[in-house]
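To start, the structure under review is shown below, and the notes come after it.
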Amino acid sequence: MVEIQGVSKSYQKTVKDSTTKVEALSDVSLSICDNEFLSIIGPSGCGKTTLLKMLDGLIPYDSGTIAIDGQTVRGPGPDRAVVFQTFALLPWRTVLANVEFSLEFRRIPPTERSEIARDFLTRVGLADFANHYPHELSGGMQQRAGLARALAVNPKILLMDEPFGAVDAQTRQLLQEDLLELWQRERKTVVFITHSMDEAVYLSDRVVIMTPRPGTIAEILEVPLARPRSAEEVRRDPKFVELTNYIWDSLKKAMMNNNGGRAAAGAKTAV
Amino acid sequence: MLIARLFNINVLSVISLAAVWEIAGRLMDSVLMPPLSKIGAAWWKLFASGKLMSNLGASLWTLAAGFFLAVIVGIVIGLLMGRFRAIEHFLDLYVNSLMSAPTTAFVPVLIMWLGLGVQSRIAVVFLFAVFVIIINTMTGVKQVDRVLLEMAQSFGAKEHEVFRKIILPAAMPAIMAGIRLGMGRAVKGMVTAEMLLTLTGIGAMIMQYGSAFATDSLFAVILTILIVAMVAMKLVQIVDQRLTGWKVEIAVE
């Protein structure tokens, strides 16, 4: 159970000689239930990545509290693991050694590390690529490795920062399906950042819509689609269409409000 | 097999140059440009008498000592400057200016401070090589992908673990590039030091034969230096391949 209460974060932005205070997050409150799949969607600058990093304990917050199962978050911990948009694999290590990386900080003996890593590589379908190097793998495969690395330490919460943003559309869809399957099996809490409304609705139990300047939660939507969700069927469900359209309208409205009436979508004018 | 080897471009190039040199030398028949065969004869004479090898040995010892010192000091300072902004700003000015400065100008100073012995020669080699190693190491550290650092921290890595497991391997290609360039400069430093100190080693031989117009012996010595430099570079290249086979890097020169 994750409790985020009244969290704010601002920082100084200096351009030439003038310094402005940027409010990355302002009074954000959110509760996340165990085993929930929660998506956060919003335009650039709405603070979603900042929030994720705070959840992982990578950056401090100015005010408010973030607590997981009653414990205040002060830094990274064994109960959380991150999957990165750019995969963040170490190019000088083999795929297997990369998955082992997360285990190296948990005091697990080397032979056991190897076994666990191989096990998770198999679960994401990369068993045959254990001794390959990241650059020999496609984007989708690299992200699977990143996923295996995160799952290997058995975290309660999986924090995913636009994990499928850097792969092509078909691979993205396959990865989404695999992720849901894995999630259904492993039963973790997932906090998933995305730019895609389709993705958010397809995957999640709830979708959090955030808006920028200052970064706040505009709305939280329930996704009442039954599970398990088949990719093809779900996308034809009228409720799916309704939800994605609703999110798009919300986002557009929020972006327009922030740009003083100028339509953000499809804006061709350079500033 | 042999034919294929002979058609190797490198070999072809060397053979052509050798042929041109021999012909031109004979045609010119001047002390200023001896044909390759004469140089070869002079080389053999120097080699057989042991003079070449003993001088070369002394020089190489100086080179090795100065170079390894430069590698150790260079990498340590480079790592510190790369990781800690404060240290970088503090030392930046000196490192940059000393790297582009004509290091030869400092040799008389070193002679004053350290005398004419082996210490000043090692110091010169060190000075020639260290700055390019520092700068490349520092650049390597600064260029490490921030996301990798974040990733390591997110899994619970402490500062020294981040350094050992992420920064060092990630910066290794740049460090090796610095070492490669440092080796080249170290060889130059070694010859320069000996030429200016004119007491021992290869550099002394150059000064001696140069001033005596014994061009065949002079060229013989110069060719020996070139071969030594090539071998040294090849050795560094081999180490580089083993440590950084996974990446290609562009060096700061």
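Letters for chains follow the order of the structure tokens (A, B, ...), residue numbers begin at 1 for each chain, and ligand numbers begin at 1 in the order shown.
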Do you know which residues are at most 10 Å from Gly70 of chain A counting only C-alpha atoms, after dropping those on the same chain fewer than 4 positions away, and could you put them as a list of chain:residue names?
A:Met1, A:Val2, A:Glu3, A:Ile66
Can you write out the residues you just picked, keeping C-alpha atoms, as a PDB file, in the first residue's frame?
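This is the output file result38.pdb:
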ATOM      1  CA  MET A   1       0.000   0.000   0.000  1.00  0.00           C
ATOM      2  CA  VAL A   2       1.607   3.226  -1.141  1.00  0.00           C
ATOM      3  CA  GLU A   3       0.514   6.492   0.402  1.00  0.00           C
ATOM      4  CA  ILE A  66       5.574   9.176   0.707  1.00  0.00           C
TER       5      ILE A  66
END
Enumerate as a PyMOL selection string the residues belonging to chain B that approach chain A to within 6 Å, with only C-alpha atoms taken into account.
chain B and resi 148+154-155+246
N, CA and C atoms of the current selection, written as a PDB file, in the first residue's frame:
ATOM      1  N   LEU B 148      22.606   5.266 -16.385  1.00  0.00           N
ATOM      2  CA  LEU B 148      23.279   4.097 -15.804  1.00  0.00           C
ATOM      3  C   LEU B 148      23.579   4.334 -14.323  1.00  0.00           C
ATOM      4  N   SER B 154      19.336   3.009  -8.071  1.00  0.00           N
ATOM      5  CA  SER B 154      17.997   2.488  -7.811  1.00  0.00           C
ATOM      6  C   SER B 154      18.052   1.059  -7.298  1.00  0.00           C
ATOM      7  N   PHE B 155      19.092   0.329  -7.658  1.00  0.00           N
ATOM      8  CA  PHE B 155      19.213  -1.035  -7.148  1.00  0.00           C
ATOM      9  C   PHE B 155      20.007  -1.101  -5.855  1.00  0.00           C
ATOM     10  N   TRP B 246      34.259  -3.858 -26.464  1.00  0.00           N
ATOM     11  CA  TRP B 246      32.840  -3.617 -26.668  1.00  0.00           C
ATOM     12  C   TRP B 246      32.514  -2.227 -27.175  1.00  0.00           C
TER      13      TRP B 246
END
As a ChimeraX atom specification, which residues of segment 194-265 of chain A does DSSP assign to strand (DSSP E)?
/A:194,206-211,216-222
Who sits within 9 Å of Leu197 of chain B, only C-alpha atoms, same chain under 4 positions skipped, as a PyMOL selection string:
chain B and resi 111+116-117+121+192-193+203-204
10 Å contact set for Leu149 of chain B, only C-alpha atoms, chain neighbours under 6 positions out, as a PyMOL selection string
(chain A and resi 88) or (chain B and resi 157+159+162-163+165-167)
Would you write out those residues with C-alpha atoms, as a PDB file, in the first residue's frame?
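As written to disk, selection.pdb reads:
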ATOM      1  CA  ALA A  88      19.951   1.227 -19.026  1.00  0.00           C
TER       2      ALA A  88
ATOM      3  CA  ALA B 157      24.578   0.681  -5.126  1.00  0.00           C
ATOM      4  CA  GLU B 159      29.104   5.496  -4.135  1.00  0.00           C
ATOM      5  CA  VAL B 162      28.917   2.948  -8.550  1.00  0.00           C
ATOM      6  CA  PHE B 163      32.507   3.960  -9.162  1.00  0.00           C
ATOM      7  CA  LYS B 165      30.962  -1.152 -11.391  1.00  0.00           C
ATOM      8  CA  ILE B 166      29.690   1.648 -13.598  1.00  0.00           C
ATOM      9  CA  ILE B 167      32.050   4.609 -13.913  1.00  0.00           C
TER      10      ILE B 167
END
